[in-house]
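Student: Structure: protein-v2.txt, compact mmCIF, C-alpha atoms.
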```
# COMPACT_ATOMS: atom_id res chain seq x y z
CA MET A 873 115.35 101.86 102.02
CA ILE A 874 116.46 101.82 98.39
CA GLU A 875 117.18 105.38 97.34
CA PRO A 876 117.91 106.50 93.81
CA ALA A 877 121.30 108.19 93.44
CA LEU A 878 120.98 111.49 95.27
CA GLY A 879 123.02 114.64 95.08
CA LEU A 880 125.17 115.76 97.98
CA ARG A 881 122.62 118.34 99.09
CA ASP A 882 119.76 115.82 99.19
CA ARG A 883 121.88 113.35 101.10
CA LYS A 884 122.75 116.05 103.61
CA LYS A 885 119.04 116.93 103.99
CA ILE A 886 118.13 113.33 104.69
CA ARG A 887 120.96 113.09 107.21
CA THR A 888 119.82 116.26 108.99
CA ARG A 889 116.24 115.03 109.13
CA ASP A 890 117.34 111.67 110.55
CA THR A 891 119.52 113.41 113.13
CA ILE A 892 116.64 115.65 114.27
CA ARG A 893 114.35 112.67 114.66
CA ARG A 894 116.94 110.57 116.46
CA GLU A 895 117.82 113.36 118.89
CA ALA A 896 114.15 114.17 119.48
CA MET A 897 113.45 110.53 120.31
CA ARG A 898 116.44 110.32 122.62
CA LEU A 899 115.50 113.50 124.55
CA ILE A 900 111.81 112.62 124.79
CA LYS A 901 112.60 109.13 126.04
CA ALA A 902 114.95 110.56 128.67
CA ASN A 903 112.92 113.61 129.82
CA GLY A 904 109.33 113.04 128.68
CA TYR A 905 107.42 114.60 125.80
CA ALA A 906 106.10 117.67 127.62
CA SER A 907 109.50 118.59 129.13
CA THR A 908 111.32 118.45 125.80
CA THR A 909 111.39 121.70 123.79
CA ILE A 910 112.17 122.32 120.14
CA GLU A 911 115.14 124.42 121.25
CA GLN A 912 116.60 121.43 123.09
CA ILE A 913 116.05 119.14 120.11
CA ALA A 914 117.63 121.68 117.75
CA MET A 915 120.63 122.12 120.05
CA ALA A 916 121.14 118.36 120.37
CA ALA A 917 120.93 118.01 116.58
CA ASP A 918 123.40 120.88 116.18
CA ILE A 919 121.03 123.07 114.14
CA ALA A 920 119.18 126.37 114.65
CA PRO A 921 115.54 126.17 115.85
CA SER A 922 114.49 127.80 112.55
CA THR A 923 116.13 124.89 110.71
CA PHE A 924 114.03 122.47 112.77
CA PHE A 925 110.90 124.12 111.38
CA ARG A 926 112.11 123.65 107.82
CA TYR A 927 111.96 119.90 108.41
CA PHE A 928 109.03 119.61 110.79
CA PRO A 929 106.17 122.12 111.19
CA THR A 930 105.47 121.21 114.86
CA LYS A 931 107.01 119.31 117.78
CA GLU A 932 104.41 116.59 117.30
CA SER A 933 105.24 116.04 113.65
CA VAL A 934 108.83 115.03 114.39
CA LEU A 935 107.40 111.87 115.96
CA ILE A 936 104.34 111.38 113.79
CA ALA A 937 105.78 111.38 110.29
CA SER A 938 106.34 107.79 109.15
CA ASP A 939 108.80 107.16 106.34
CA PHE A 940 107.01 103.92 105.52
CA ASP A 941 103.65 105.34 104.48
CA GLN A 942 104.88 107.01 101.32
CA VAL A 943 106.64 103.80 100.22
CA THR A 944 103.38 101.85 100.57
CA ILE A 945 101.40 104.52 98.74
CA ASP A 946 103.88 104.69 95.84
CA ALA A 947 104.09 100.89 95.64
CA LEU A 948 100.31 100.54 95.54
CA ALA A 949 99.86 103.18 92.83
CA SER A 950 102.49 101.47 90.64
CA LEU A 951 100.97 97.95 90.65
CA PRO A 952 99.04 96.66 87.57
CA ALA A 953 95.43 97.80 87.26
CA ASP A 954 94.10 94.26 86.83
CA MET A 955 95.60 92.92 90.06
CA GLU A 956 92.98 91.95 92.65
CA PRO A 957 92.64 94.73 95.24
CA LEU A 958 93.55 92.60 98.28
CA LYS A 959 96.55 91.11 96.49
CA ALA A 960 97.73 94.56 95.42
CA PHE A 961 97.48 95.85 98.97
CA ARG A 962 99.38 92.87 100.34
CA ARG A 963 102.05 93.26 97.67
CA SER A 964 102.56 96.94 98.51
CA LEU A 965 102.83 96.12 102.21
CA GLU A 966 105.40 93.40 101.43
CA ILE A 967 107.36 95.87 99.28
CA THR A 968 107.37 98.31 102.21
CA LEU A 969 108.53 95.70 104.71
CA ALA A 970 111.27 94.49 102.37
CA ALA A 971 112.49 98.02 101.60
CA ALA A 972 113.02 98.96 105.25
CA THR A 973 116.46 98.32 106.71
CA ALA A 974 116.76 96.73 110.16
CA ALA A 975 117.78 100.13 111.56
CA GLU A 976 114.74 101.87 110.04
CA TRP A 977 112.51 99.17 111.37
CA ARG A 978 114.00 99.53 114.87
CA PHE A 979 113.45 103.28 114.69
CA GLU A 980 109.83 102.82 113.59
CA ARG A 981 109.10 100.46 116.49
CA ALA A 982 110.72 102.81 119.01
CA ARG A 983 108.77 105.71 117.49
CA LEU A 984 105.44 103.89 117.71
CA ARG A 985 106.13 102.68 121.24
CA LEU A 986 106.74 106.27 122.32
CA VAL A 987 103.83 107.74 120.37
CA LEU A 988 101.33 105.23 121.72
CA SER A 989 102.44 105.91 125.29
CA VAL A 990 101.69 109.68 125.16
CA PRO A 991 97.89 110.21 124.88
CA GLU A 992 98.32 113.58 123.13
CA LEU A 993 100.60 112.03 120.50
CA LYS A 994 98.41 108.98 120.13
CA THR A 995 95.48 111.18 119.07
CA VAL A 996 97.64 112.95 116.50
CA GLN A 997 98.94 109.58 115.26
CA MET A 998 95.37 108.34 114.77
CA ASP A 999 94.59 111.47 112.72
CA GLU A 1000 97.72 110.81 110.68
CA TYR A 1001 96.57 107.22 110.06
CA ARG A 1002 93.25 108.53 108.79
CA ARG A 1003 95.07 110.83 106.36
CA THR A 1004 97.23 107.92 105.23
CA VAL A 1005 94.13 105.79 104.64
CA THR A 1006 92.69 108.56 102.46
CA ARG A 1007 95.94 108.75 100.48
CA LEU A 1008 95.97 104.95 100.12
CA ALA A 1009 92.42 105.11 98.78
CA GLU A 1010 93.57 107.70 96.25
CA ALA A 1011 96.50 105.48 95.24
CA GLU A 1012 94.20 102.45 94.90
CA ALA A 1013 91.73 104.48 92.83
CA GLN A 1014 94.53 105.65 90.57
CA ARG A 1015 95.87 102.10 90.17
CA SER A 1016 92.50 100.55 89.37
CA GLY A 1017 91.18 103.47 87.32
CA ARG A 1018 88.29 104.19 89.68
CA ASP A 1019 87.06 107.28 91.47
CA ALA A 1020 88.74 108.03 94.83
CA ASP A 1021 85.32 108.36 96.47
CA ASP A 1022 84.04 105.14 94.85
CA LEU A 1023 82.15 103.12 97.50
CA GLU A 1024 84.11 99.90 96.87
CA VAL A 1025 87.47 101.67 97.14
CA ARG A 1026 86.43 103.33 100.41
CA VAL A 1027 85.05 100.08 101.84
CA LEU A 1028 88.19 98.15 100.85
CA LEU A 1029 90.46 100.62 102.64
CA GLY A 1030 88.02 100.90 105.56
CA ALA A 1031 88.05 97.13 106.07
CA LEU A 1032 91.84 96.85 105.69
CA SER A 1033 92.64 99.76 107.99
CA GLY A 1034 90.02 98.65 110.54
CA GLY A 1035 91.43 95.11 110.51
CA LEU A 1036 95.06 96.22 110.70
CA MET A 1037 94.39 98.74 113.47
CA ALA A 1038 92.66 96.00 115.44
CA SER A 1039 95.73 93.79 115.01
CA LEU A 1040 97.94 96.49 116.53
CA ASP A 1041 96.07 96.07 119.82
CA GLY A 1042 98.32 98.48 121.71
CA HIS A 1043 101.43 96.30 121.64
CA LEU A 1044 104.20 96.05 119.12
CA SER A 1045 105.82 92.67 119.71
CA GLY A 1046 105.22 90.44 116.72
CA LEU A 1047 103.37 93.26 114.93
CA THR A 1048 104.55 92.39 111.40
CA ASP A 1049 103.52 88.75 111.89
CA ARG A 1050 100.12 89.86 113.14
CA MET A 1051 99.72 92.19 110.16
CA ILE A 1052 100.46 89.34 107.74
CA GLN A 1053 98.06 87.04 109.65
CA THR A 1054 95.45 89.79 109.43
CA LEU A 1055 95.81 90.03 105.66
CA ASP A 1056 95.66 86.21 105.40
CA TYR A 1057 92.44 86.21 107.39
CA ILE A 1058 90.87 89.03 105.36
CA GLU A 1059 91.93 87.37 102.09
CA ALA A 1060 90.46 84.09 103.28
CA GLY A 1061 87.13 85.92 103.47
CA LEU A 1062 86.92 87.01 107.13
CA GLY A 1063 85.69 83.68 108.32
CA LEU A 1064 83.17 83.66 105.50
CA ARG A 1065 84.01 80.12 104.54
CA MET B 129 66.23 116.52 116.76
CA ARG B 130 63.52 118.93 115.64
CA LEU B 131 65.10 121.90 117.42
CA ILE B 132 68.62 121.07 116.24
CA GLU B 133 67.46 120.63 112.65
CA ALA B 134 65.66 123.98 112.81
CA ASN B 135 68.23 126.07 114.76
CA GLY B 136 71.53 124.20 114.53
CA TYR B 137 73.35 122.14 117.16
CA GLY B 138 75.33 125.05 118.65
CA ASN B 139 72.18 127.17 119.08
CA THR B 140 70.11 124.53 120.82
CA ASN B 141 70.45 124.14 124.59
CA ILE B 142 69.16 121.51 126.99
CA GLU B 143 66.67 123.98 128.53
CA GLN B 144 65.03 124.48 125.12
CA ILE B 145 64.90 120.74 124.47
CA ALA B 146 63.41 120.11 127.94
CA ALA B 147 60.83 122.90 127.46
CA ALA B 148 59.80 121.53 124.05
CA ALA B 149 59.51 118.00 125.49
CA GLU B 150 57.57 119.42 128.47
CA VAL B 151 59.98 118.03 131.06
CA ALA B 152 62.27 119.68 133.61
CA PRO B 153 65.97 119.98 132.59
CA SER B 154 66.78 117.62 135.48
CA THR B 155 64.46 115.06 133.88
CA PHE B 156 66.41 115.40 130.61
CA PHE B 157 69.57 114.37 132.46
CA ARG B 158 67.88 111.29 133.85
CA TYR B 159 67.48 110.09 130.25
CA PHE B 160 70.65 111.50 128.63
CA PRO B 161 73.87 112.40 130.47
CA THR B 162 74.92 115.10 127.94
CA LYS B 163 73.51 117.11 125.04
CA GLU B 164 75.57 114.99 122.64
CA SER B 165 74.19 111.72 123.92
CA VAL B 166 70.63 112.64 122.95
CA LEU B 167 71.78 112.37 119.32
CA ILE B 168 74.38 109.61 119.63
CA THR B 169 72.41 106.85 121.34
CA ASN B 170 71.25 104.19 118.92
CA ASP B 171 68.58 101.80 120.17
CA LEU B 172 69.15 99.21 117.46
CA ASP B 173 72.70 98.26 118.49
CA GLN B 174 71.60 96.28 121.53
CA VAL B 175 69.02 94.35 119.50
CA MET B 176 71.70 93.42 116.98
CA LEU B 177 74.21 92.37 119.66
CA ASP B 178 71.66 90.14 121.38
CA LEU B 179 70.73 88.55 118.08
CA LEU B 180 74.37 87.92 117.19
CA ALA B 181 75.10 86.29 120.55
CA ALA B 182 72.13 83.96 119.94
CA GLN B 183 73.35 82.60 116.57
CA PRO B 184 74.73 79.02 116.47
CA ALA B 185 78.42 78.67 117.38
CA ASP B 186 79.30 76.92 114.13
CA MET B 187 77.89 79.65 111.87
CA ALA B 188 80.60 81.55 109.93
CA PRO B 189 81.28 84.96 111.57
CA PHE B 190 80.44 87.00 108.48
CA LYS B 191 77.15 85.18 107.93
CA ALA B 192 76.16 85.52 111.59
CA PHE B 193 76.99 89.23 111.49
CA ARG B 194 75.13 89.91 108.26
CA TYR B 195 72.09 87.95 109.39
CA SER B 196 71.95 89.80 112.73
CA LEU B 197 72.36 93.21 111.12
CA GLU B 198 69.81 92.67 108.37
CA THR B 199 67.29 91.06 110.70
CA THR B 200 67.62 93.94 113.16
CA TRP B 201 67.13 96.47 110.40
CA ALA B 202 64.09 94.62 109.10
CA THR B 203 62.37 95.10 112.46
CA ALA B 204 62.70 98.91 112.31
CA THR B 205 59.62 100.78 111.08
CA GLU B 206 59.77 103.35 108.28
CA ALA B 207 59.34 106.11 110.89
CA GLU B 208 62.32 104.79 112.85
CA TRP B 209 64.38 104.75 109.66
CA GLU B 210 63.36 108.27 108.85
CA PHE B 211 64.53 109.30 112.32
CA GLU B 212 67.82 107.41 111.95
CA ARG B 213 68.56 109.02 108.56
CA ASN B 214 67.88 112.49 109.94
CA ARG B 215 69.92 111.73 113.03
CA LEU B 216 72.93 110.66 110.98
CA ARG B 217 72.57 113.64 108.65
CA VAL B 218 72.82 116.00 111.64
CA VAL B 219 75.52 114.00 113.46
CA LEU B 220 77.85 113.70 110.44
CA SER B 221 77.56 117.41 109.67
CA VAL B 222 78.73 118.61 113.14
CA PRO B 223 82.44 117.72 113.66
CA GLU B 224 82.03 117.47 117.44
CA LEU B 225 79.08 115.08 117.08
CA LYS B 226 80.78 113.10 114.33
CA ALA B 227 83.76 112.46 116.65
CA ALA B 228 81.38 111.39 119.45
CA GLN B 229 79.55 109.10 117.01
CA LEU B 230 82.83 107.45 115.93
CA ASP B 231 83.69 106.88 119.61
CA GLU B 232 80.28 105.32 120.05
CA TYR B 233 80.95 103.00 117.08
CA ASN B 234 84.24 101.99 118.71
CA ARG B 235 82.40 101.13 121.93
CA THR B 236 79.83 99.15 119.93
CA ALA B 237 82.70 97.37 118.16
CA GLU B 238 84.07 96.25 121.54
CA ARG B 239 80.68 94.92 122.58
CA LEU B 240 80.38 93.27 119.17
CA ALA B 241 83.70 91.47 119.76
CA GLU B 242 82.38 90.26 123.13
CA ALA B 243 79.12 89.01 121.58
CA GLU B 244 80.98 87.28 118.75
CA ALA B 245 83.46 85.70 121.19
CA LYS B 246 80.61 84.41 123.35
CA ARG B 247 78.78 83.01 120.33
CA SER B 248 81.77 81.25 118.82
CA GLY B 249 83.22 80.12 122.16
CA ARG B 250 86.46 82.04 121.65
CA ASP B 251 88.34 84.64 123.62
CA ALA B 252 87.32 88.29 123.02
CA GLY B 253 91.03 89.11 122.66
CA ASP B 254 91.48 86.48 119.92
CA LEU B 255 93.26 88.05 116.91
CA GLU B 256 90.71 86.83 114.35
CA ILE B 257 87.78 88.19 116.34
CA ARG B 258 89.43 91.58 116.75
CA VAL B 259 90.35 91.73 113.07
CA PHE B 260 86.89 90.61 112.01
CA VAL B 261 85.17 93.29 114.09
CA GLY B 262 87.76 95.93 113.09
CA ALA B 263 87.32 95.17 109.39
CA MET B 264 83.50 95.14 109.57
CA THR B 265 83.43 98.41 111.52
CA GLY B 266 86.00 100.05 109.24
CA ALA B 267 84.06 99.03 106.14
CA LEU B 268 80.64 100.07 107.45
CA VAL B 269 81.89 103.42 108.76
CA ALA B 270 83.42 104.05 105.30
CA ALA B 271 79.97 103.40 103.83
CA LEU B 272 78.29 105.97 106.12
CA GLU B 273 79.52 108.95 104.10
CA GLY B 274 77.17 110.03 101.34
CA ASP B 275 73.49 110.65 100.80
CA GLN B 276 71.71 109.32 103.91
CA ASP B 277 68.66 108.32 101.83
CA GLU B 278 70.89 105.71 100.18
CA MET B 279 72.62 104.58 103.36
CA MET B 280 70.85 101.25 103.57
CA GLU B 281 71.54 100.46 99.93
CA ARG B 282 75.23 101.35 100.44
CA THR B 283 75.37 99.01 103.44
CA HIS B 284 73.95 96.10 101.44
CA ARG B 285 76.42 96.81 98.63
CA THR B 286 79.23 96.93 101.21
CA LEU B 287 78.31 93.52 102.60
CA ASP B 288 77.94 92.07 99.07
CA PHE B 289 81.35 93.44 98.12
CA MET B 290 82.96 91.95 101.23
CA GLU B 291 81.19 88.64 100.75
CA ALA B 292 82.55 88.49 97.18
CA GLY B 293 86.13 88.77 98.48
CA MET B 294 86.44 92.53 97.89
CA ARG B 295 86.96 92.26 94.13
CA PHE B 296 85.81 95.37 92.30
CA THR B 297 82.60 94.96 90.35
```
Please express the file's structure as structure tokens.
Tutor:
Amino acid sequence: MIEPALGLRDRKKIRTRDTIRREAMRLIKANGYASTTIEQIAMAADIAPSTFFRYFPTKESVLIASDFDQVTIDALASLPADMEPLKAFRRSLEITLAAATAAEWRFERARLRLVLSVPELKTVQMDEYRRTVTRLAEAEAQRSGRDADDLEVRVLLGALSGGLMASLDGHLSGLTDRMIQTLDYIEAGLGLR
Amino acid sequence: MRLIEANGYGNTNIEQIAAAAEVAPSTFFRYFPTKESVLITNDLDQVMLDLLAAQPADMAPFKAFRYSLETTWATATEAEWEFERNRLRVVLSVPELKAAQLDEYNRTAERLAEAEAKRSGRDAGDLEIRVFVGAMTGALVAALEGDQDEMMERTHRTLDFMEAGMRFT
């Protein structure tokens, strides 16, 4: 991900956060979600449990937070107001995909694979997606100068998120290709023509 | 519906509903497995699915869907609409019922994918069919929120907007 020049303290924060997430993933994969405690994650990441909570409010959130969502939201809000909504959404998704490094992308896939395999986490992830959709609607409203609860804005994001969730279909192989195919299909009018 | 509107969902039990309908509680359960389901069941879905499956295979998916939905709605009487609006008003205002209703929409979406696959001679797991049904469901659920008296108008506007390539008007 392209980061603006950051101070030492910010870089250290990002490193700590990455370490917590990486260690959490490693422990959960090895021992299961329920058997892994925050204390164990903190110890593996070489921090105090109280430090864990400064980065993540709950055990769930260490696996739910996606670094990609904010990139998409910021990209969408910054695109020109006169761009067609579907094109703007596609552009912001492309910006997100291009900004992610191979390592970040690997982490995201491993994260999703784990999250979708634990029913409890899957539910929380779905709630998180709904919040992201609401924030995307706000970004789109801001970009296009419309109300966030405008029917067309809500329907646009409802159709895109419904279509993209359907393309996930519980498996991750080829997911980015399927997402692009999904946008192609929606842009081509959903089999309208 | 009458009891829940008057006393609230949490304060209405199956015994009261059965007494008001002059049936035994056991009879209630023969019609509805849970208290939720008495408010979640929608009779129009099956009509719409049957109609969709009967449309010609070469009809564009969106057109077949819109035709089936609008034709189904046209067959409902004003009294049935009144009931549906009240039902949705209650369901969307109780978080527990709203979640059950969204699950029900997901089940309907799966049956919709099957009907569309059968109609168009494709596989129900086909990416385009799944995306089509996901996008339609996502859009129509987004249009549910708001004044229930204007629900039908919002649905028509939603379909118009999608048909016009989702460009803002």
Student: Can you check which residues of chain A have any atom within 7 Å of chain B? Use all atoms listed in the file and format it as a PyMOL selection string.
Tutor: chain A and resi 956-957+1023-1024+1026-1028+1030-1036+1038-1039+1054+1059+1061-1065
Student: Find the residues around range 229-240 of chain B up to 10 Å (all atoms listed in the file counted), leave out those fewer than 3 positions away in its own chain, and share them as a CSV table (one decimal) with C-alpha atoms, keeping the file's coordinate frame.
Tutor:
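File selection_0.csv, as written:
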```
chain,number,residue,atom,x,y,z
B,164,GLU,CA,75.6,115.0,122.6
B,165,SER,CA,74.2,111.7,123.9
B,167,LEU,CA,71.8,112.4,119.3
B,168,ILE,CA,74.4,109.6,119.6
B,169,THR,CA,72.4,106.8,121.3
B,170,ASN,CA,71.2,104.2,118.9
B,173,ASP,CA,72.7,98.3,118.5
B,174,GLN,CA,71.6,96.3,121.5
B,176,MET,CA,71.7,93.4,117.0
B,177,LEU,CA,74.2,92.4,119.7
B,178,ASP,CA,71.7,90.1,121.4
B,180,LEU,CA,74.4,87.9,117.2
B,181,ALA,CA,75.1,86.3,120.6
B,193,PHE,CA,77.0,89.2,111.5
B,216,LEU,CA,72.9,110.7,111.0
B,219,VAL,CA,75.5,114.0,113.5
B,220,LEU,CA,77.8,113.7,110.4
B,223,PRO,CA,82.4,117.7,113.7
B,224,GLU,CA,82.0,117.5,117.4
B,225,LEU,CA,79.1,115.1,117.1
B,226,LYS,CA,80.8,113.1,114.3
B,243,ALA,CA,79.1,89.0,121.6
B,244,GLU,CA,81.0,87.3,118.8
B,245,ALA,CA,83.5,85.7,121.2
B,246,LYS,CA,80.6,84.4,123.4
B,252,ALA,CA,87.3,88.3,123.0
B,257,ILE,CA,87.8,88.2,116.3
B,258,ARG,CA,89.4,91.6,116.8
B,261,VAL,CA,85.2,93.3,114.1
B,262,GLY,CA,87.8,95.9,113.1
B,264,MET,CA,83.5,95.1,109.6
B,265,THR,CA,83.4,98.4,111.5
B,266,GLY,CA,86.0,100.0,109.2
B,269,VAL,CA,81.9,103.4,108.8
```
Student: Please provide as an MDAnalysis selection string all residues within 9 Å of range 1007-1014 of chain A, with the sequence filter that same-chain residues fewer than 3 positions apart are discarded (counting only C-alpha atoms).
Tutor: chainID A and resid 941 944:950 953 957 960:961 1002:1004 1017:1022 1025:1026 1028:1029
Student: So the first atom is CA of Tyr905 in chain A and the second is CA of Asp939 in chain A; what is the distance between them in Å, to one decimal place?
Tutor: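 One can read the CA of Tyr905 in chain A to CA of Asp939 in chain A distance as 20.9 Å.
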Student: Would you mind listing what lies within 10 Å of range 138-149 of chain B as a VMD selection string, with only C-alpha atoms counted and same-chain residues fewer than 5 positions away left out?
Tutor: chain B and resid 129 to 133 154 to 157 162 to 163 166 222
Student: Could you state the separation of CA of Ala227 in chain B and CA of Arg985 in chain A in Å, given to one decimal place?
Tutor: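 Atom-to-atom, CA of Ala227 in chain B to CA of Arg985 in chain A, that is 24.8 Å.
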Student: So how many Å separate CA of Asp1056 in chain A and CA of Asp1041 in chain A, to one decimal?
Tutor: 17.5 Å
